[in-house]
file query.txt (compact mmCIF, C-alpha atoms)
# COMPACT_ATOMS: atom_id res chain seq x y z
CA MET A 1 -16.13 11.65 -45.71
CA PRO A 2 -19.49 13.16 -44.74
CA ARG A 3 -22.62 11.15 -45.40
CA THR A 4 -25.26 12.43 -47.78
CA ALA A 5 -28.87 13.15 -46.87
CA ARG A 6 -29.93 10.15 -48.96
CA GLU A 7 -27.57 7.81 -47.08
CA ILE A 8 -28.87 9.00 -43.72
CA LEU A 9 -32.53 8.61 -44.70
CA ASN A 10 -31.88 5.14 -46.13
CA GLU A 11 -30.07 4.09 -42.96
CA LEU A 12 -32.97 5.28 -40.83
CA ARG A 13 -35.46 3.52 -43.09
CA TRP A 14 -33.76 0.14 -43.28
CA ARG A 15 -31.72 -0.17 -40.07
CA GLN A 16 -33.95 1.73 -37.65
CA PRO A 17 -37.45 1.92 -39.19
CA SER A 18 -39.09 3.30 -36.07
CA ARG A 19 -36.70 6.28 -36.06
CA LEU A 20 -37.61 7.40 -39.59
CA ALA A 21 -41.12 8.26 -38.38
CA ASP A 22 -39.61 10.47 -35.65
CA THR A 23 -37.35 12.30 -38.08
CA VAL A 24 -37.82 15.94 -39.08
CA VAL A 25 -36.55 17.01 -42.51
CA VAL A 26 -36.02 20.71 -43.27
CA TYR A 27 -35.71 21.54 -46.96
CA ARG A 28 -35.47 24.66 -49.12
CA ASP A 29 -38.77 25.95 -50.46
CA ARG A 30 -38.56 29.36 -52.08
CA THR A 31 -42.36 29.74 -52.05
CA ARG A 32 -42.46 29.82 -48.22
CA PRO A 33 -41.68 32.78 -46.00
CA GLY A 34 -38.24 32.13 -44.54
CA GLY A 35 -37.36 29.88 -47.47
CA ASN A 36 -37.72 26.53 -45.67
CA ARG A 37 -40.38 23.90 -45.10
CA THR A 38 -40.45 21.10 -42.53
CA ILE A 39 -41.86 17.62 -43.04
CA ARG A 40 -42.03 14.60 -40.75
CA GLY A 41 -40.26 11.39 -41.65
CA SER A 42 -43.61 9.61 -41.41
CA GLU A 43 -44.68 11.55 -44.53
CA ILE A 44 -41.87 10.04 -46.63
CA GLU A 45 -43.28 7.24 -48.74
CA GLU A 46 -40.37 6.38 -51.04
CA LEU A 47 -36.63 6.96 -51.17
CA GLU A 48 -35.62 7.01 -54.81
CA ARG A 49 -32.19 7.45 -56.34
CA ARG A 50 -32.34 11.24 -56.74
CA TYR A 51 -35.60 12.13 -55.04
CA PHE A 52 -37.64 11.29 -51.99
CA ALA A 53 -41.38 11.06 -52.40
CA THR A 54 -44.21 12.14 -50.14
CA ARG A 55 -47.94 11.81 -50.69
CA THR A 56 -47.98 15.27 -52.31
CA GLY A 57 -44.88 15.12 -54.53
CA ARG A 58 -41.22 14.33 -55.14
CA LEU A 59 -38.35 16.42 -53.82
CA PRO A 60 -34.65 16.24 -54.75
CA TYR A 61 -32.18 15.39 -51.98
CA TYR A 62 -30.06 18.46 -52.74
CA LYS A 63 -32.82 20.68 -51.28
CA ILE A 64 -32.51 19.09 -47.84
CA GLU A 65 -30.93 21.53 -45.39
CA LYS A 66 -31.18 19.57 -42.15
CA ILE A 67 -32.24 16.16 -40.81
CA GLU A 68 -33.02 15.83 -37.10
CA CYS A 69 -34.05 12.76 -35.16
CA GLY A 70 -34.76 12.67 -31.42
CA GLY A 71 -33.32 16.14 -30.92
CA GLU A 72 -30.04 15.14 -32.59
CA THR A 73 -28.89 16.74 -35.86
CA LEU A 74 -27.88 13.94 -38.23
CA PHE A 75 -27.29 16.10 -41.32
CA GLU A 76 -26.81 19.80 -41.90
CA ARG A 77 -25.70 21.72 -44.94

call {"tool": "encode", "arguments": {"input": "query.txt", "output": "structure tokens"}}
result
Amino acid sequence: MPRTAREILNELRWRQPSRLADTVVVYRDRTRPGGNRTIRGSEIEELERRYFATRTGRLPYYKIEKIECGGETLFER
């Protein structure tokens, strides 16, 4: 059974905290040209049940398209 984006981010946060800062999260953003936006894992402040929070707002996990860490793709829709 494939792991969810939330499970992967939680694993990085709690089991390998230094790797979360090196993570790149690509999520859908219809206001951007190309339809995607990229944020660094170091910008993630909170991992909630349905959302993850950054300094500028909260985003639902279902918008995450890809999670990469150290050049390795950990999650892709």

call {"tool": "atom_distance", "arguments": {"input": "query.txt", "atom1": "CA of Ile67 in chain A", "atom2": "CA of Ala5 in chain A"}}
result
7.6 Å

call {"tool": "atom_distance", "arguments": {"input": "query.txt", "atom1": "CA of Pro2 in chain A", "atom2": "CA of Tyr27 in chain A"}}
result
18.4 Å

call {"tool": "closest_residue", "arguments": {"input": "query.txt", "among": "A:Leu20, A:Leu12, A:Val25, A:Ile44", "to": "Ile64 in chain A", "atoms": "only C-alpha atoms"}}
result
A:Val25

call {"tool": "closest_residue", "arguments": {"input": "query.txt", "among": "A:Glu43, A:Asp29, A:Asp22, A:Glu11", "to": "Cys69 in chain A", "atoms": "all atoms listed in the file"}}
result
A:Asp22

call {"tool": "axis_aligned_box", "arguments": {"input": "query.txt", "around": "range 3-14 of chain A", "padding_each_side": "5 Å", "output": "JSON"}}
result
{"center_x": -29.0, "center_y": 6.6, "center_z": -44.9, "size_x": 22.8, "size_y": 23.0, "size_z": 18.1}

call {"tool": "atom_distance", "arguments": {"input": "query.txt", "atom1": "CA of Glu72 in chain A", "atom2": "CA of Thr38 in chain A"}}
result
15.6 Å

call {"tool": "closest_residue", "arguments": {"input": "query.txt", "among": "A:Gln16, A:Lys63, A:Arg6, A:Thr54", "to": "Arg30 in chain A", "atoms": "all atoms listed in the file"}}
result
A:Lys63

call {"tool": "residues_around", "arguments": {"input": "query.txt", "residues": "Arg37 in chain A", "least_positions_apart": "2", "cutoff": "8 Å", "atoms": "all atoms listed in the file", "output": "PyMOL selection string"}}
result
chain A and resi 26-29+32+35+39

call {"tool": "closest_residue", "arguments": {"input": "query.txt", "among": "A:Arg40, A:Phe75, A:Tyr61, A:Arg50", "to": "Ile8 in chain A", "atoms": "all atoms listed in the file"}}
result
A:Phe75

call {"tool": "residues_around", "arguments": {"input": "query.txt", "residues": "Glu76 in chain A", "least_positions_apart": "3", "cutoff": "8 Å", "atoms": "all atoms listed in the file", "output": "number ranges by chain"}}
result
A: 65-67, 73

call {"tool": "closest_residue", "arguments": {"input": "query.txt", "among": "A:Arg19, A:Gly34, A:Val24, A:Asn10", "to": "Glu68 in chain A", "atoms": "only C-alpha atoms"}}
result
A:Val24

call {"tool": "closest_residue", "arguments": {"input": "query.txt", "among": "A:Thr23, A:Leu74, A:Ser42, A:Arg49", "to": "Tyr62 in chain A", "atoms": "only C-alpha atoms"}}
result
A:Arg49

call {"tool": "decode", "arguments": {"input": "query.txt", "residues": "range 22-70 of chain A", "atoms": "N, CA and C atoms", "output": "PDB file, in the first residue's frame"}}
result
ATOM      1  N   ASP A  22      15.955  19.544   4.071  1.00  0.00           N
ATOM      2  CA  ASP A  22      16.495  19.362   2.724  1.00  0.00           C
ATOM      3  C   ASP A  22      15.440  18.932   1.708  1.00  0.00           C
ATOM      4  N   THR A  23      14.221  18.787   2.158  1.00  0.00           N
ATOM      5  CA  THR A  23      13.138  18.300   1.311  1.00  0.00           C
ATOM      6  C   THR A  23      12.565  19.415   0.444  1.00  0.00           C
ATOM      7  N   VAL A  24      12.154  19.050  -0.761  1.00  0.00           N
ATOM      8  CA  VAL A  24      11.466  19.969  -1.673  1.00  0.00           C
ATOM      9  C   VAL A  24      10.067  19.408  -1.901  1.00  0.00           C
ATOM     10  N   VAL A  25       9.055  20.242  -1.685  1.00  0.00           N
ATOM     11  CA  VAL A  25       7.659  19.848  -1.866  1.00  0.00           C
ATOM     12  C   VAL A  25       7.086  20.635  -3.040  1.00  0.00           C
ATOM     13  N   VAL A  26       6.552  19.918  -4.018  1.00  0.00           N
ATOM     14  CA  VAL A  26       5.906  20.544  -5.174  1.00  0.00           C
ATOM     15  C   VAL A  26       4.408  20.339  -5.000  1.00  0.00           C
ATOM     16  N   TYR A  27       3.646  21.440  -5.033  1.00  0.00           N
ATOM     17  CA  TYR A  27       2.198  21.313  -4.876  1.00  0.00           C
ATOM     18  C   TYR A  27       1.468  22.130  -5.932  1.00  0.00           C
ATOM     19  N   ARG A  28       0.215  21.752  -6.172  1.00  0.00           N
ATOM     20  CA  ARG A  28      -0.624  22.435  -7.161  1.00  0.00           C
ATOM     21  C   ARG A  28      -0.995  23.828  -6.676  1.00  0.00           C
ATOM     22  N   ASP A  29      -0.821  24.791  -7.564  1.00  0.00           N
ATOM     23  CA  ASP A  29      -1.205  26.174  -7.282  1.00  0.00           C
ATOM     24  C   ASP A  29      -1.721  26.772  -8.584  1.00  0.00           C
ATOM     25  N   ARG A  30      -3.005  26.853  -8.716  1.00  0.00           N
ATOM     26  CA  ARG A  30      -3.593  27.289  -9.994  1.00  0.00           C
ATOM     27  C   ARG A  30      -3.322  28.749 -10.306  1.00  0.00           C
ATOM     28  N   THR A  31      -2.840  29.532  -9.340  1.00  0.00           N
ATOM     29  CA  THR A  31      -2.543  30.939  -9.598  1.00  0.00           C
ATOM     30  C   THR A  31      -1.176  31.140 -10.235  1.00  0.00           C
ATOM     31  N   ARG A  32      -0.340  30.095 -10.278  1.00  0.00           N
ATOM     32  CA  ARG A  32       1.016  30.196 -10.827  1.00  0.00           C
ATOM     33  C   ARG A  32       1.063  29.704 -12.271  1.00  0.00           C
ATOM     34  N   PRO A  33       1.907  30.326 -13.083  1.00  0.00           N
ATOM     35  CA  PRO A  33       2.120  29.780 -14.429  1.00  0.00           C
ATOM     36  C   PRO A  33       2.691  28.369 -14.306  1.00  0.00           C
ATOM     37  N   GLY A  34       2.176  27.452 -15.057  1.00  0.00           N
ATOM     38  CA  GLY A  34       2.616  26.061 -14.963  1.00  0.00           C
ATOM     39  C   GLY A  34       1.810  25.260 -13.963  1.00  0.00           C
ATOM     40  N   GLY A  35       1.084  25.943 -13.073  1.00  0.00           N
ATOM     41  CA  GLY A  35       0.191  25.276 -12.148  1.00  0.00           C
ATOM     42  C   GLY A  35       0.806  24.663 -10.905  1.00  0.00           C
ATOM     43  N   ASN A  36       2.120  24.847 -10.690  1.00  0.00           N
ATOM     44  CA  ASN A  36       2.776  24.277  -9.507  1.00  0.00           C
ATOM     45  C   ASN A  36       3.623  25.319  -8.793  1.00  0.00           C
ATOM     46  N   ARG A  37       3.843  25.081  -7.520  1.00  0.00           N
ATOM     47  CA  ARG A  37       4.723  25.912  -6.702  1.00  0.00           C
ATOM     48  C   ARG A  37       5.630  24.977  -5.914  1.00  0.00           C
ATOM     49  N   THR A  38       6.825  25.421  -5.620  1.00  0.00           N
ATOM     50  CA  THR A  38       7.794  24.626  -4.875  1.00  0.00           C
ATOM     51  C   THR A  38       8.121  25.325  -3.566  1.00  0.00           C
ATOM     52  N   ILE A  39       8.133  24.551  -2.477  1.00  0.00           N
ATOM     53  CA  ILE A  39       8.582  25.101  -1.204  1.00  0.00           C
ATOM     54  C   ILE A  39       9.613  24.158  -0.600  1.00  0.00           C
ATOM     55  N   ARG A  40      10.461  24.688   0.241  1.00  0.00           N
ATOM     56  CA  ARG A  40      11.481  23.913   0.938  1.00  0.00           C
ATOM     57  C   ARG A  40      10.871  23.331   2.217  1.00  0.00           C
ATOM     58  N   GLY A  41      11.375  22.186   2.610  1.00  0.00           N
ATOM     59  CA  GLY A  41      10.911  21.568   3.846  1.00  0.00           C
ATOM     60  C   GLY A  41      11.186  22.431   5.059  1.00  0.00           C
ATOM     61  N   SER A  42      12.217  23.264   4.988  1.00  0.00           N
ATOM     62  CA  SER A  42      12.550  24.158   6.102  1.00  0.00           C
ATOM     63  C   SER A  42      11.471  25.216   6.326  1.00  0.00           C
ATOM     64  N   GLU A  43      10.602  25.436   5.336  1.00  0.00           N
ATOM     65  CA  GLU A  43       9.510  26.395   5.468  1.00  0.00           C
ATOM     66  C   GLU A  43       8.301  25.801   6.183  1.00  0.00           C
ATOM     67  N   ILE A  44       8.242  24.485   6.303  1.00  0.00           N
ATOM     68  CA  ILE A  44       7.108  23.821   6.956  1.00  0.00           C
ATOM     69  C   ILE A  44       7.246  23.994   8.459  1.00  0.00           C
ATOM     70  N   GLU A  45       6.223  24.582   9.056  1.00  0.00           N
ATOM     71  CA  GLU A  45       6.246  24.842  10.491  1.00  0.00           C
ATOM     72  C   GLU A  45       5.433  23.833  11.293  1.00  0.00           C
ATOM     73  N   GLU A  46       4.371  23.315  10.686  1.00  0.00           N
ATOM     74  CA  GLU A  46       3.478  22.399  11.415  1.00  0.00           C
ATOM     75  C   GLU A  46       2.895  21.383  10.455  1.00  0.00           C
ATOM     76  N   LEU A  47       2.778  20.140  10.925  1.00  0.00           N
ATOM     77  CA  LEU A  47       2.112  19.087  10.163  1.00  0.00           C
ATOM     78  C   LEU A  47       0.839  18.723  10.912  1.00  0.00           C
ATOM     79  N   GLU A  48      -0.273  19.201  10.398  1.00  0.00           N
ATOM     80  CA  GLU A  48      -1.559  18.973  11.036  1.00  0.00           C
ATOM     81  C   GLU A  48      -2.215  17.738  10.432  1.00  0.00           C
ATOM     82  N   ARG A  49      -3.410  17.444  10.876  1.00  0.00           N
ATOM     83  CA  ARG A  49      -4.091  16.238  10.410  1.00  0.00           C
ATOM     84  C   ARG A  49      -4.410  16.285   8.918  1.00  0.00           C
ATOM     85  N   ARG A  50      -4.948  17.396   8.441  1.00  0.00           N
ATOM     86  CA  ARG A  50      -5.334  17.511   7.034  1.00  0.00           C
ATOM     87  C   ARG A  50      -4.521  18.538   6.256  1.00  0.00           C
ATOM     88  N   TYR A  51      -3.771  19.350   6.965  1.00  0.00           N
ATOM     89  CA  TYR A  51      -3.017  20.425   6.342  1.00  0.00           C
ATOM     90  C   TYR A  51      -1.587  20.436   6.849  1.00  0.00           C
ATOM     91  N   PHE A  52      -0.713  21.077   6.065  1.00  0.00           N
ATOM     92  CA  PHE A  52       0.601  21.416   6.590  1.00  0.00           C
ATOM     93  C   PHE A  52       0.697  22.935   6.548  1.00  0.00           C
ATOM     94  N   ALA A  53       1.350  23.493   7.534  1.00  0.00           N
ATOM     95  CA  ALA A  53       1.382  24.940   7.687  1.00  0.00           C
ATOM     96  C   ALA A  53       2.783  25.487   7.440  1.00  0.00           C
ATOM     97  N   THR A  54       2.810  26.613   6.742  1.00  0.00           N
ATOM     98  CA  THR A  54       4.039  27.377   6.558  1.00  0.00           C
ATOM     99  C   THR A  54       3.816  28.730   7.229  1.00  0.00           C
ATOM    100  N   ARG A  55       4.818  29.566   7.171  1.00  0.00           N
ATOM    101  CA  ARG A  55       4.705  30.894   7.777  1.00  0.00           C
ATOM    102  C   ARG A  55       3.593  31.704   7.101  1.00  0.00           C
ATOM    103  N   THR A  56       3.343  31.448   5.824  1.00  0.00           N
ATOM    104  CA  THR A  56       2.379  32.251   5.070  1.00  0.00           C
ATOM    105  C   THR A  56       0.983  31.651   4.960  1.00  0.00           C
ATOM    106  N   GLY A  57       0.791  30.389   5.361  1.00  0.00           N
ATOM    107  CA  GLY A  57      -0.547  29.808   5.266  1.00  0.00           C
ATOM    108  C   GLY A  57      -0.575  28.306   5.491  1.00  0.00           C
ATOM    109  N   ARG A  58      -1.779  27.749   5.314  1.00  0.00           N
ATOM    110  CA  ARG A  58      -1.990  26.308   5.455  1.00  0.00           C
ATOM    111  C   ARG A  58      -2.384  25.735   4.107  1.00  0.00           C
ATOM    112  N   LEU A  59      -1.845  24.557   3.800  1.00  0.00           N
ATOM    113  CA  LEU A  59      -2.121  23.901   2.526  1.00  0.00           C
ATOM    114  C   LEU A  59      -2.562  22.465   2.778  1.00  0.00           C
ATOM    115  N   PRO A  60      -3.586  21.992   2.054  1.00  0.00           N
ATOM    116  CA  PRO A  60      -4.028  20.606   2.234  1.00  0.00           C
ATOM    117  C   PRO A  60      -3.046  19.634   1.584  1.00  0.00           C
ATOM    118  N   TYR A  61      -2.903  18.467   2.194  1.00  0.00           N
ATOM    119  CA  TYR A  61      -1.982  17.444   1.679  1.00  0.00           C
ATOM    120  C   TYR A  61      -2.364  16.975   0.278  1.00  0.00           C
ATOM    121  N   TYR A  62      -3.647  17.008  -0.071  1.00  0.00           N
ATOM    122  CA  TYR A  62      -4.051  16.484  -1.372  1.00  0.00           C
ATOM    123  C   TYR A  62      -3.500  17.312  -2.534  1.00  0.00           C
ATOM    124  N   LYS A  63      -3.014  18.514  -2.264  1.00  0.00           N
ATOM    125  CA  LYS A  63      -2.435  19.341  -3.326  1.00  0.00           C
ATOM    126  C   LYS A  63      -0.973  19.003  -3.611  1.00  0.00           C
ATOM    127  N   ILE A  64      -0.364  18.200  -2.760  1.00  0.00           N
ATOM    128  CA  ILE A  64       1.039  17.843  -2.969  1.00  0.00           C
ATOM    129  C   ILE A  64       1.153  16.913  -4.178  1.00  0.00           C
ATOM    130  N   GLU A  65       2.000  17.290  -5.107  1.00  0.00           N
ATOM    131  CA  GLU A  65       2.249  16.493  -6.311  1.00  0.00           C
ATOM    132  C   GLU A  65       3.496  15.629  -6.172  1.00  0.00           C
ATOM    133  N   LYS A  66       4.525  16.169  -5.503  1.00  0.00           N
ATOM    134  CA  LYS A  66       5.798  15.457  -5.432  1.00  0.00           C
ATOM    135  C   LYS A  66       6.564  15.894  -4.179  1.00  0.00           C
ATOM    136  N   ILE A  67       7.268  14.925  -3.574  1.00  0.00           N
ATOM    137  CA  ILE A  67       8.176  15.205  -2.462  1.00  0.00           C
ATOM    138  C   ILE A  67       9.524  14.607  -2.835  1.00  0.00           C
ATOM    139  N   GLU A  68      10.549  15.450  -2.832  1.00  0.00           N
ATOM    140  CA  GLU A  68      11.909  15.009  -3.139  1.00  0.00           C
ATOM    141  C   GLU A  68      12.823  15.341  -1.976  1.00  0.00           C
ATOM    142  N   CYS A  69      13.787  14.458  -1.739  1.00  0.00           N
ATOM    143  CA  CYS A  69      14.757  14.693  -0.679  1.00  0.00           C
ATOM    144  C   CYS A  69      16.095  14.111  -1.132  1.00  0.00           C
ATOM    145  N   GLY A  70      17.119  14.951  -1.190  1.00  0.00           N
ATOM    146  CA  GLY A  70      18.442  14.488  -1.597  1.00  0.00           C
ATOM    147  C   GLY A  70      18.474  13.915  -2.997  1.00  0.00           C
TER     148      GLY A  70
END
